[in-house]
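Structure file input_37.cif; described as mmCIF, C-alpha atoms and all ligand atoms.
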data_protein
loop_
_atom_site.group_PDB
_atom_site.id
_atom_site.type_symbol
_atom_site.label_atom_id
_atom_site.label_comp_id
_atom_site.auth_asym_id
_atom_site.auth_seq_id
_atom_site.Cartn_x
_atom_site.Cartn_y
_atom_site.Cartn_z
ATOM 1 C CA MET I 1 -31.229 -43.218 -108.099
ATOM 2 C CA ASP I 2 -31.998 -45.212 -104.956
ATOM 3 C CA THR I 3 -28.564 -46.290 -103.794
ATOM 4 C CA GLY I 4 -29.938 -48.320 -100.915
ATOM 5 C CA GLY I 5 -26.995 -47.503 -98.653
ATOM 6 C CA ALA I 6 -25.995 -44.780 -96.237
ATOM 7 C CA MET I 7 -29.291 -44.942 -94.387
ATOM 8 C CA TRP I 8 -27.548 -45.286 -91.071
ATOM 9 C CA TYR I 9 -24.559 -43.199 -91.846
ATOM 10 C CA ASN I 10 -24.111 -39.484 -91.340
ATOM 11 C CA THR I 11 -22.086 -38.670 -94.429
ATOM 12 C CA ARG I 12 -21.068 -35.291 -92.953
ATOM 13 C CA MET I 13 -18.762 -37.272 -90.687
ATOM 14 C CA ARG I 14 -16.803 -38.501 -93.679
ATOM 15 C CA THR I 15 -13.371 -37.248 -94.703
ATOM 16 C CA ASP I 16 -13.543 -35.574 -98.094
ATOM 17 C CA VAL I 17 -10.787 -36.261 -100.641
ATOM 18 C CA LEU I 18 -11.560 -34.538 -103.962
ATOM 19 C CA GLY I 19 -15.297 -35.019 -103.545
ATOM 20 C CA VAL I 20 -15.249 -38.616 -102.264
ATOM 21 C CA GLY I 21 -16.153 -39.009 -98.579
ATOM 22 C CA PHE I 22 -14.090 -41.647 -96.761
ATOM 23 C CA ASP I 23 -14.990 -43.337 -93.479
ATOM 24 C CA ASP I 24 -12.281 -42.844 -90.871
ATOM 25 C CA THR I 25 -12.027 -46.476 -89.852
ATOM 26 C CA THR I 26 -9.598 -49.316 -89.304
ATOM 27 C CA VAL I 27 -10.026 -52.630 -91.097
ATOM 28 C CA ALA I 28 -11.206 -54.317 -87.874
ATOM 29 C CA GLU I 29 -13.798 -51.604 -87.159
ATOM 30 C CA ALA I 30 -15.095 -51.705 -90.732
ATOM 31 C CA ALA I 31 -15.404 -55.515 -90.673
ATOM 32 C CA LYS I 32 -17.269 -55.354 -87.346
ATOM 33 C CA ARG I 33 -19.629 -52.710 -88.715
ATOM 34 C CA ALA I 34 -20.250 -54.799 -91.851
ATOM 35 C CA ALA I 35 -20.914 -57.920 -89.744
ATOM 36 C CA GLU I 36 -23.438 -55.918 -87.684
ATOM 37 C CA MET I 37 -25.152 -54.752 -90.864
ATOM 38 C CA ILE I 38 -25.433 -58.351 -92.045
ATOM 39 C CA PHE I 39 -26.686 -59.504 -88.634
ATOM 40 C CA ARG I 40 -29.358 -56.782 -88.531
ATOM 41 C CA GLY I 41 -30.303 -57.232 -92.177
ATOM 42 C CA GLU I 42 -29.435 -53.596 -92.966
ATOM 43 C CA ARG I 43 -29.091 -53.207 -96.727
ATOM 44 C CA GLY I 44 -26.215 -51.455 -98.413
ATOM 45 C CA TYR I 45 -22.920 -51.782 -100.184
ATOM 46 C CA VAL I 46 -19.264 -51.149 -99.438
ATOM 47 C CA VAL I 47 -16.809 -49.464 -101.806
ATOM 48 C CA THR I 48 -13.026 -49.391 -101.606
ATOM 49 C CA PRO I 49 -11.836 -46.427 -103.684
ATOM 50 C CA ASN I 50 -8.168 -45.955 -104.544
ATOM 51 C CA PRO I 51 -6.876 -42.737 -106.190
ATOM 52 C CA GLU I 52 -7.800 -44.069 -109.644
ATOM 53 C CA ILE I 53 -11.432 -44.388 -108.573
ATOM 54 C CA VAL I 54 -11.390 -40.957 -106.880
ATOM 55 C CA TRP I 55 -10.070 -39.580 -110.153
ATOM 56 C CA MET I 56 -12.805 -41.341 -112.165
ATOM 57 C CA CYS I 57 -15.405 -39.800 -109.806
ATOM 58 C CA ARG I 58 -14.259 -36.306 -110.841
ATOM 59 C CA LYS I 59 -15.236 -37.068 -114.419
ATOM 60 C CA ASN I 60 -18.253 -39.266 -113.785
ATOM 61 C CA ALA I 61 -21.076 -37.819 -111.651
ATOM 62 C CA GLU I 62 -23.029 -41.076 -111.631
ATOM 63 C CA LEU I 63 -20.015 -42.946 -110.300
ATOM 64 C CA LYS I 64 -19.408 -40.273 -107.657
ATOM 65 C CA GLU I 65 -23.010 -40.591 -106.501
ATOM 66 C CA ALA I 66 -22.702 -44.376 -106.402
ATOM 67 C CA VAL I 67 -19.468 -44.225 -104.390
ATOM 68 C CA ASN I 68 -20.723 -41.629 -101.922
ATOM 69 C CA GLY I 69 -23.998 -43.534 -101.573
ATOM 70 C CA ALA I 70 -22.206 -46.555 -100.102
ATOM 71 C CA ALA I 71 -22.754 -47.585 -96.495
ATOM 72 C CA LEU I 72 -18.987 -47.801 -96.025
ATOM 73 C CA VAL I 73 -16.310 -46.016 -98.081
ATOM 74 C CA LEU I 74 -12.906 -47.516 -97.304
ATOM 75 C CA ALA I 75 -9.534 -45.915 -98.041
ATOM 76 C CA ASP I 76 -7.999 -48.531 -100.316
ATOM 77 C CA GLY I 77 -4.360 -47.662 -100.275
ATOM 78 C CA VAL I 78 -1.670 -45.202 -99.431
ATOM 79 C CA GLY I 79 -2.681 -42.693 -102.136
ATOM 80 C CA VAL I 80 -5.915 -41.977 -100.293
ATOM 81 C CA THR I 81 -4.399 -41.701 -96.798
ATOM 82 C CA LEU I 82 -1.618 -39.520 -98.191
ATOM 83 C CA GLY I 83 -4.207 -37.299 -99.891
ATOM 84 C CA ALA I 84 -6.169 -36.953 -96.645
ATOM 85 C CA ARG I 85 -2.972 -36.084 -94.766
ATOM 86 C CA ILE I 86 -2.019 -33.413 -97.334
ATOM 87 C CA LEU I 87 -5.507 -31.960 -96.897
ATOM 88 C CA GLY I 88 -4.921 -31.677 -93.129
ATOM 89 C CA ARG I 89 -7.569 -34.236 -92.162
ATOM 90 C CA PRO I 90 -5.649 -37.491 -91.728
ATOM 91 C CA LEU I 91 -7.440 -40.821 -91.659
ATOM 92 C CA LYS I 92 -6.441 -43.149 -88.833
ATOM 93 C CA ALA I 93 -5.525 -46.027 -91.137
ATOM 94 C CA ARG I 94 -5.523 -47.480 -94.584
ATOM 95 C CA ALA I 95 -8.331 -50.003 -95.058
ATOM 96 C CA PRO I 96 -7.455 -52.070 -98.146
ATOM 97 C CA GLY I 97 -10.483 -53.892 -99.524
ATOM 98 C CA ILE I 98 -8.792 -57.275 -99.441
ATOM 99 C CA ASP I 99 -7.810 -56.911 -95.761
ATOM 100 C CA PHE I 100 -11.374 -55.850 -95.006
ATOM 101 C CA ILE I 101 -12.936 -58.860 -96.714
ATOM 102 C CA GLU I 102 -10.499 -61.265 -95.023
ATOM 103 C CA ALA I 103 -11.474 -59.817 -91.632
ATOM 104 C CA LEU I 104 -15.171 -60.032 -92.518
ATOM 105 C CA PHE I 105 -14.843 -63.631 -93.788
ATOM 106 C CA GLY I 106 -13.166 -64.450 -90.455
ATOM 107 C CA LEU I 107 -16.175 -63.064 -88.540
ATOM 108 C CA MET I 108 -18.702 -64.731 -90.878
ATOM 109 C CA SER I 109 -16.889 -68.059 -90.732
ATOM 110 C CA SER I 110 -17.669 -68.491 -87.027
ATOM 111 C CA GLU I 111 -21.380 -67.846 -87.720
ATOM 112 C CA GLY I 112 -21.769 -70.025 -90.840
ATOM 113 C CA GLY I 113 -22.266 -66.908 -92.988
ATOM 114 C CA ARG I 114 -23.191 -67.277 -96.671
ATOM 115 C CA VAL I 115 -21.301 -65.515 -99.471
ATOM 116 C CA PHE I 116 -21.916 -65.264 -103.227
ATOM 117 C CA LEU I 117 -18.861 -64.580 -105.430
ATOM 118 C CA LEU I 118 -19.562 -62.525 -108.557
ATOM 119 C CA GLY I 119 -16.897 -61.524 -111.037
ATOM 120 C CA ALA I 120 -13.581 -62.275 -112.752
ATOM 121 C CA LYS I 121 -12.977 -64.553 -115.732
ATOM 122 C CA PRO I 122 -14.729 -67.941 -116.021
ATOM 123 C CA GLY I 123 -13.194 -70.470 -113.600
ATOM 124 C CA VAL I 124 -11.660 -67.879 -111.266
ATOM 125 C CA ALA I 125 -14.577 -67.674 -108.804
ATOM 126 C CA GLU I 126 -14.630 -71.492 -108.614
ATOM 127 C CA ALA I 127 -10.914 -71.613 -107.707
ATOM 128 C CA ALA I 128 -11.391 -68.760 -105.222
ATOM 129 C CA ALA I 129 -14.330 -70.598 -103.633
ATOM 130 C CA GLU I 130 -12.251 -73.732 -103.151
ATOM 131 C CA ASN I 131 -9.453 -71.799 -101.445
ATOM 132 C CA LEU I 132 -11.881 -69.785 -99.314
ATOM 133 C CA ARG I 133 -13.664 -72.931 -98.108
ATOM 134 C CA ARG I 134 -10.294 -74.334 -96.988
ATOM 135 C CA ARG I 135 -9.242 -71.100 -95.307
ATOM 136 C CA TYR I 136 -12.572 -70.255 -93.634
ATOM 137 C CA PRO I 137 -14.154 -73.648 -92.851
ATOM 138 C CA GLY I 138 -17.412 -72.171 -91.469
ATOM 139 C CA LEU I 139 -17.987 -69.884 -94.453
ATOM 140 C CA VAL I 140 -20.614 -71.120 -96.909
ATOM 141 C CA VAL I 141 -20.012 -70.230 -100.568
ATOM 142 C CA ALA I 142 -23.681 -70.134 -101.512
ATOM 143 C CA GLY I 143 -23.126 -69.401 -105.196
ATOM 144 C CA LEU I 144 -20.834 -67.894 -107.791
ATOM 145 C CA ARG I 145 -20.656 -66.670 -111.355
ATOM 146 C CA ASP I 146 -18.114 -65.019 -113.599
ATOM 147 C CA GLY I 147 -18.181 -61.313 -114.347
ATOM 148 C CA TYR I 148 -18.716 -61.477 -118.097
ATOM 149 C CA PHE I 149 -22.497 -61.618 -118.264
ATOM 150 C CA GLY I 150 -24.800 -59.969 -120.780
ATOM 151 C CA VAL I 151 -27.751 -57.649 -120.302
ATOM 152 C CA GLY I 152 -30.237 -60.498 -120.712
ATOM 153 C CA ASP I 153 -28.631 -62.692 -118.016
ATOM 154 C CA ASP I 154 -30.647 -62.858 -114.821
ATOM 155 C CA VAL I 155 -27.712 -62.293 -112.483
ATOM 156 C CA THR I 156 -29.764 -60.807 -109.653
ATOM 157 C CA GLY I 157 -32.194 -63.741 -109.934
ATOM 158 C CA SER I 158 -29.420 -66.315 -109.405
ATOM 159 C CA ILE I 159 -27.991 -64.298 -106.515
ATOM 160 C CA ASN I 160 -31.384 -64.049 -104.835
ATOM 161 C CA ALA I 161 -31.987 -67.779 -105.342
ATOM 162 C CA ALA I 162 -28.757 -68.489 -103.441
ATOM 163 C CA ALA I 163 -29.858 -66.204 -100.546
ATOM 164 C CA PRO I 164 -26.395 -65.040 -99.503
ATOM 165 C CA ASP I 165 -25.667 -62.760 -96.532
ATOM 166 C CA LEU I 166 -22.885 -61.107 -98.482
ATOM 167 C CA LEU I 167 -22.217 -60.542 -102.183
ATOM 168 C CA VAL I 168 -18.629 -60.003 -103.315
ATOM 169 C CA VAL I 169 -18.623 -58.010 -106.588
ATOM 170 C CA CYS I 170 -15.376 -58.091 -108.581
ATOM 171 C CA LEU I 171 -16.155 -56.434 -111.927
ATOM 172 C CA GLY I 172 -13.440 -53.756 -111.843
ATOM 173 C CA ALA I 173 -14.086 -50.028 -111.456
ATOM 174 C CA PRO I 174 -16.336 -48.261 -112.325
ATOM 175 C CA LYS I 175 -18.498 -51.197 -113.395
ATOM 176 C CA GLN I 176 -18.770 -52.772 -109.936
ATOM 177 C CA GLU I 177 -19.712 -49.526 -108.134
ATOM 178 C CA LEU I 178 -22.380 -48.649 -110.721
ATOM 179 C CA TRP I 179 -23.674 -52.216 -110.690
ATOM 180 C CA MET I 180 -23.993 -52.246 -106.898
ATOM 181 C CA ALA I 181 -25.709 -48.842 -106.734
ATOM 182 C CA GLU I 182 -28.261 -50.031 -109.268
ATOM 183 C CA ASN I 183 -28.769 -53.588 -108.064
ATOM 184 C CA ALA I 184 -28.144 -53.640 -104.298
ATOM 185 C CA PRO I 185 -31.715 -52.536 -103.502
ATOM 186 C CA ARG I 186 -33.094 -55.478 -105.531
ATOM 187 C CA LEU I 187 -30.983 -58.142 -103.871
ATOM 188 C CA ASN I 188 -31.758 -60.434 -100.972
ATOM 189 C CA ALA I 189 -28.143 -60.157 -99.871
ATOM 190 C CA ALA I 190 -27.846 -57.757 -96.958
ATOM 191 C CA LEU I 191 -24.517 -56.401 -98.018
ATOM 192 C CA CYS I 192 -22.496 -56.120 -101.247
ATOM 193 C CA VAL I 193 -18.779 -55.323 -101.415
ATOM 194 C CA GLY I 194 -16.937 -54.098 -104.538
ATOM 195 C CA LEU I 195 -13.455 -55.578 -104.579
ATOM 196 C CA GLY I 196 -11.759 -55.218 -107.973
ATOM 197 C CA GLY I 197 -9.254 -58.015 -108.490
ATOM 198 C CA ALA I 198 -9.796 -59.780 -105.128
ATOM 199 C CA LEU I 199 -11.166 -62.991 -106.668
ATOM 200 C CA ASP I 200 -8.015 -63.300 -108.796
ATOM 201 C CA VAL I 201 -6.010 -63.069 -105.555
ATOM 202 C CA PHE I 202 -8.152 -65.616 -103.682
ATOM 203 C CA ALA I 203 -7.931 -67.945 -106.689
ATOM 204 C CA GLY I 204 -4.130 -67.722 -106.519
ATOM 205 C CA ALA I 205 -3.906 -66.269 -110.050
ATOM 206 C CA VAL I 206 -2.507 -62.954 -108.763
ATOM 207 C CA LYS I 207 -0.108 -62.671 -105.815
ATOM 208 C CA ARG I 208 -0.428 -59.956 -103.184
ATOM 209 C CA ALA I 209 2.660 -57.950 -102.254
ATOM 210 C CA PRO I 210 4.792 -59.472 -99.467
ATOM 211 C CA ALA I 211 3.923 -58.226 -95.950
ATOM 212 C CA LEU I 212 6.885 -55.829 -95.728
ATOM 213 C CA TRP I 213 5.890 -54.055 -98.951
ATOM 214 C CA ARG I 214 2.336 -53.768 -97.648
ATOM 215 C CA ARG I 215 3.500 -52.386 -94.299
ATOM 216 C CA LEU I 216 5.558 -49.760 -96.094
ATOM 217 C CA GLY I 217 2.545 -48.726 -98.198
ATOM 218 C CA LEU I 218 4.179 -50.025 -101.388
ATOM 219 C CA GLU I 219 1.549 -52.529 -102.510
ATOM 220 C CA TRP I 220 0.756 -50.290 -105.513
ATOM 221 C CA LEU I 221 4.428 -50.458 -106.609
ATOM 222 C CA TYR I 222 4.499 -54.242 -106.276
ATOM 223 C CA ARG I 223 1.335 -54.513 -108.389
ATOM 224 C CA LEU I 224 2.859 -52.202 -110.982
ATOM 225 C CA ILE I 225 6.104 -54.206 -111.168
ATOM 226 C CA SER I 226 4.184 -57.513 -111.402
ATOM 227 C CA ASN I 227 1.876 -56.104 -114.060
ATOM 228 C CA PRO I 228 3.430 -53.178 -115.988
ATOM 229 C CA GLY I 229 0.179 -52.953 -117.971
ATOM 230 C CA ARG I 230 -1.165 -51.007 -114.983
ATOM 231 C CA LEU I 231 1.158 -48.090 -115.761
ATOM 232 C CA LYS I 232 -1.381 -46.328 -117.963
ATOM 233 C CA ARG I 233 -4.033 -46.501 -115.236
ATOM 234 C CA MET I 234 -1.588 -45.304 -112.608
ATOM 235 C CA SER I 235 -0.329 -42.391 -114.689
ATOM 236 C CA ILE I 236 -3.117 -40.284 -113.136
ATOM 237 C CA LEU I 237 -1.342 -40.434 -109.742
ATOM 238 C CA PRO I 238 0.726 -37.220 -110.201
ATOM 239 C CA LEU I 239 -2.406 -35.407 -111.430
ATOM 240 C CA TYR I 240 -4.326 -36.730 -108.448
ATOM 241 C CA LEU I 241 -1.681 -35.504 -106.001
ATOM 242 C CA LEU I 242 -1.520 -32.115 -107.709
ATOM 243 C CA ALA I 243 -5.293 -31.758 -107.444
ATOM 244 C CA VAL I 244 -5.142 -32.716 -103.755
ATOM 245 C CA ILE I 245 -2.511 -30.024 -103.138
ATOM 246 C CA ARG I 246 -4.583 -27.495 -105.084
ATOM 247 C CA SER I 247 -7.674 -28.469 -103.120
ATOM 248 C CA GLY I 248 -5.706 -28.102 -99.850
ATOM 249 C CA LEU I 249 -4.579 -24.609 -100.825
ATOM 250 C CA GLY I 250 -7.825 -23.313 -102.262
ATOM 251 C CA GLY I 251 -10.566 -25.545 -100.869
ATOM 252 C CA GLY I 252 -13.063 -27.249 -103.148
ATOM 253 C CA ASP I 253 -12.096 -30.258 -105.182
ATOM 254 C CA GLY I 254 -8.850 -28.912 -106.645
ATOM 255 C CA ARG I 255 -10.112 -28.004 -110.114
HETATM 256 N N1 LIG P 301 -13.926 -58.030 -114.649
HETATM 257 C C1 LIG P 301 -15.145 -58.676 -114.768
HETATM 258 N N2 LIG P 301 -16.042 -58.235 -115.700
HETATM 259 C C2 LIG P 301 -15.775 -57.190 -116.526
HETATM 260 C C3 LIG P 301 -14.538 -56.504 -116.385
HETATM 261 C C4 LIG P 301 -13.628 -56.954 -115.428
HETATM 262 O O1 LIG P 301 -15.419 -59.609 -114.052
HETATM 263 O O2 LIG P 301 -16.632 -56.864 -117.342
HETATM 264 C C5 LIG P 301 -12.983 -58.500 -113.632
HETATM 265 C C6 LIG P 301 -11.603 -58.852 -114.139
HETATM 266 O O3 LIG P 301 -11.605 -60.155 -114.703
HETATM 267 C C7 LIG P 301 -10.800 -58.750 -112.853
HETATM 268 C C8 LIG P 301 -11.499 -57.646 -112.081
HETATM 269 O O4 LIG P 301 -12.774 -57.463 -112.711
HETATM 270 O O5 LIG P 301 -10.915 -59.955 -112.128
HETATM 271 C C9 LIG P 301 -10.762 -56.301 -112.097
HETATM 272 O O6 LIG P 301 -9.488 -56.475 -111.627
HETATM 273 P P1 LIG P 301 -8.458 -55.265 -111.465
HETATM 274 O O7 LIG P 301 -7.146 -55.863 -111.082
HETATM 275 O O8 LIG P 301 -8.533 -54.369 -112.645
HETATM 276 O O9 LIG P 301 -9.102 -54.477 -110.233
HETATM 277 P P2 LIG P 301 -8.394 -53.568 -109.132
HETATM 278 O O10 LIG P 301 -8.218 -54.464 -107.946
HETATM 279 O O11 LIG P 301 -7.151 -53.028 -109.701
HETATM 280 O O12 LIG P 301 -9.461 -52.514 -108.902
#

Reformat the file's structure so that it appears as structure tokens.
Amino acid sequence: MDTGGAMWYNTRMRTDVLGVGFDDTTVAEAAKRAAEMIFRGERGYVVTPNPEIVWMCRKNAELKEAVNGAALVLADGVGVTLGARILGRPLKARAPGIDFIEALFGLMSSEGGRVFLLGAKPGVAEAAAENLRRRYPGLVVAGLRDGYFGVGDDVTGSINAAAPDLLVVCLGAPKQELWMAENAPRLNAALCVGLGGALDVFAGAVKRAPALWRRLGLEWLYRLISNPGRLKRMSILPLYLLAVIRSGLGGGDGR
């Protein structure tokens, strides 16, 4: 599979957490790097794995290859930074996907950058676009479409026709990572970013945790309380932590 990314990046420099290599970066550094990639027309995609995605990678080799093939692998949340710390190779910061994209939109806004929004239920990308245009006046929303398309729909064709600099892909995991690994090389967009529920947040349909919760690394708890349906997904967290501890004691990926 040609993943299109990681051409510039020495993946040996990444911090391994159960087989997923994370970039040791702050949000500001990652946004600057992404803006450079866009400016230079370097192709690739960015992933933002949380422990649930790391866990899925253990069971899904194609997903693991897609995630590790990204140009940037950001530590989305406290579960990842905690895992890295337990393994004795701490990351310097958390880099939540939504903070990253806000920083990148800020940089693109001053340059008149073009973004295409792909994903979420019908109507959500439109509402997100309206809010983003207000918040980042220089940012051009070059196109959008919901994330419930069929195999026959020419999604890449409509993205290419809009000629964006950046494609935001919000299809949920693992769909968005697999989609980007397969399609990024065929897109005119320089960079793609997989961002889960970010369009729901930008549309105002889902609220982010208050700043204090985020500072304390409790965004996951806030999301769980606001949407108890997430409990099943998050029930892997103890298993994840156990595997991290096992991996720290015995090396390997904790199996
Ligand atoms: N989604 C989509 N197409 C699909 C499945 C999901 O566009 O086939 C969207 C869904 O509507 C939601 C997002 O993907 O907007 C996933 O959000 P979730 O909160 O699960 O992601 P997280 O941020 O937790 O990774």

_Two-atom distance - atom CA of Ala161 of chain I, atom CA of Pro49 of chain I (Å)_ =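 These two atoms are separated by 29.4 Å.
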
*Surrounding residues of Gly41 of chain I excluding itself and chain neighbours under 6 positions, 10 Å, only C-alpha atoms, as a PyMOL selection string*: chain I and resi 35+165+188-191

Residues from the last selection, C-alpha atoms, saved as a PDB file, in the frame of the given file:
ATOM      1  CA  ALA I  35     -20.914 -57.920 -89.744  1.00  0.00           C
ATOM      2  CA  ASP I 165     -25.667 -62.760 -96.532  1.00  0.00           C
ATOM      3  CA  ASN I 188     -31.758 -60.434-100.972  1.00  0.00           C
ATOM      4  CA  ALA I 189     -28.143 -60.157 -99.871  1.00  0.00           C
ATOM      5  CA  ALA I 190     -27.846 -57.757 -96.958  1.00  0.00           C
ATOM      6  CA  LEU I 191     -24.517 -56.401 -98.018  1.00  0.00           C
TER       7      LEU I 191
END

*asked:* I'd like the residues picked by the PyMOL selection byres (((not hetatm)) within 9 of (chain P and resi 301)) written out as a VMD selection string, using the chain letters and numbers from the file.
replied: chain I and resid 48 to 50 52 to 53 97 to 98 118 to 122 124 146 to 149 169 to 176 194 to 201 206 223 230

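Interatomic distance, atom CA of Tyr240 of chain I to atom CA of Thr26 of chain I: 23.5 Å.
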
*Choose the residue, out of I:Ile159, I:Met180, I:Leu107, I:Ala243, that has the smallest atom-to-atom separation from Glu36 of chain I; count only C-alpha atoms.*
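Comparing I:Ile159, I:Met180, I:Leu107, I:Ala243 against Glu36 of chain I, the winner is I:Leu107.
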
*Given the choices I:Ile225, I:Leu18, I:Leu72, I:Val140, which gets closest to Arg33 of chain I if the distance is worked out from only C-alpha atoms?*
I:Leu72

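Minimum atom-to-atom distances from I:Ala125, I:Leu241, I:Val193, I:Ala31 to Gly254 of chain I were compared using all atoms listed in the file, and the lowest value belongs to I:Leu241.
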
*Best match for closeness to Phe22 of chain I among I:Pro210, I:Ala34, I:Phe39, I:Arg89, counting only C-alpha atoms*: I:Arg89

*Quick one: pull the distance between atom CA of Gly21 of chain I and atom CA of Val115 of chain I, Å, one decimal.*
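Between atom CA of Gly21 of chain I and atom CA of Val115 of chain I the gap is 27.0 Å.
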
*Find the residue from I:Arg215, I:Arg43, I:Arg58, I:Arg14 that sits nearest to Asn183 of chain I; use all atoms listed in the file when measuring.*
I:Arg43

*Convert the output of the PyMOL selection byres (((chain I and resi 105) around 12) and not hetatm) on the shown file into explicit residues, formatted as JSON, numbers by chain.*
{"I": [28, 31, 32, 34, 35, 38, 98, 99, 100, 101, 102, 103, 104, 106, 107, 108, 109, 110, 111, 112, 113, 114, 115, 116, 132, 133, 135, 136, 137, 138, 139, 140, 141, 165, 166, 167, 168, 193]}

Filled-in N, CA and C atoms of segment 81-94 of chain I, supplied as an mmCIF file, keeping the file's coordinate frame:
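File written: selection21.cif
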data_model
loop_
_atom_site.group_PDB
_atom_site.id
_atom_site.type_symbol
_atom_site.label_atom_id
_atom_site.label_comp_id
_atom_site.auth_asym_id
_atom_site.auth_seq_id
_atom_site.Cartn_x
_atom_site.Cartn_y
_atom_site.Cartn_z
ATOM 1 N N THR I 81 -4.790 -42.210 -98.125
ATOM 2 C CA THR I 81 -4.399 -41.701 -96.798
ATOM 3 C C THR I 81 -3.404 -40.551 -96.948
ATOM 4 N N LEU I 82 -2.548 -40.628 -97.950
ATOM 5 C CA LEU I 82 -1.618 -39.520 -98.191
ATOM 6 C C LEU I 82 -2.399 -38.262 -98.591
ATOM 7 N N GLY I 83 -3.374 -38.429 -99.474
ATOM 8 C CA GLY I 83 -4.207 -37.299 -99.891
ATOM 9 C C GLY I 83 -4.894 -36.654 -98.704
ATOM 10 N N ALA I 84 -5.464 -37.481 -97.826
ATOM 11 C CA ALA I 84 -6.169 -36.953 -96.645
ATOM 12 C C ALA I 84 -5.200 -36.203 -95.742
ATOM 13 N N ARG I 85 -3.965 -36.742 -95.627
ATOM 14 C CA ARG I 85 -2.972 -36.084 -94.766
ATOM 15 C C ARG I 85 -2.582 -34.726 -95.352
ATOM 16 N N ILE I 86 -2.371 -34.678 -96.672
ATOM 17 C CA ILE I 86 -2.019 -33.413 -97.334
ATOM 18 C C ILE I 86 -3.135 -32.385 -97.098
ATOM 19 N N LEU I 87 -4.370 -32.864 -97.079
ATOM 20 C CA LEU I 87 -5.507 -31.960 -96.897
ATOM 21 C C LEU I 87 -5.702 -31.545 -95.434
ATOM 22 N N GLY I 88 -4.858 -32.077 -94.547
ATOM 23 C CA GLY I 88 -4.921 -31.677 -93.129
ATOM 24 C C GLY I 88 -6.030 -32.378 -92.365
ATOM 25 N N ARG I 89 -6.581 -33.464 -92.917
ATOM 26 C CA ARG I 89 -7.569 -34.236 -92.162
ATOM 27 C C ARG I 89 -7.237 -35.724 -92.278
ATOM 28 N N PRO I 90 -6.147 -36.118 -91.576
ATOM 29 C CA PRO I 90 -5.649 -37.491 -91.728
ATOM 30 C C PRO I 90 -6.658 -38.552 -91.298
ATOM 31 N N LEU I 91 -6.637 -39.647 -92.025
ATOM 32 C CA LEU I 91 -7.440 -40.821 -91.659
ATOM 33 C C LEU I 91 -6.597 -41.673 -90.713
ATOM 34 N N LYS I 92 -7.260 -42.421 -89.808
ATOM 35 C CA LYS I 92 -6.441 -43.149 -88.833
ATOM 36 C C LYS I 92 -5.715 -44.343 -89.431
ATOM 37 N N ALA I 93 -6.195 -44.863 -90.552
ATOM 38 C CA ALA I 93 -5.525 -46.027 -91.137
ATOM 39 C C ALA I 93 -5.929 -46.206 -92.585
ATOM 40 N N ARG I 94 -5.106 -46.977 -93.283
ATOM 41 C CA ARG I 94 -5.523 -47.480 -94.584
ATOM 42 C C ARG I 94 -6.505 -48.624 -94.335
#
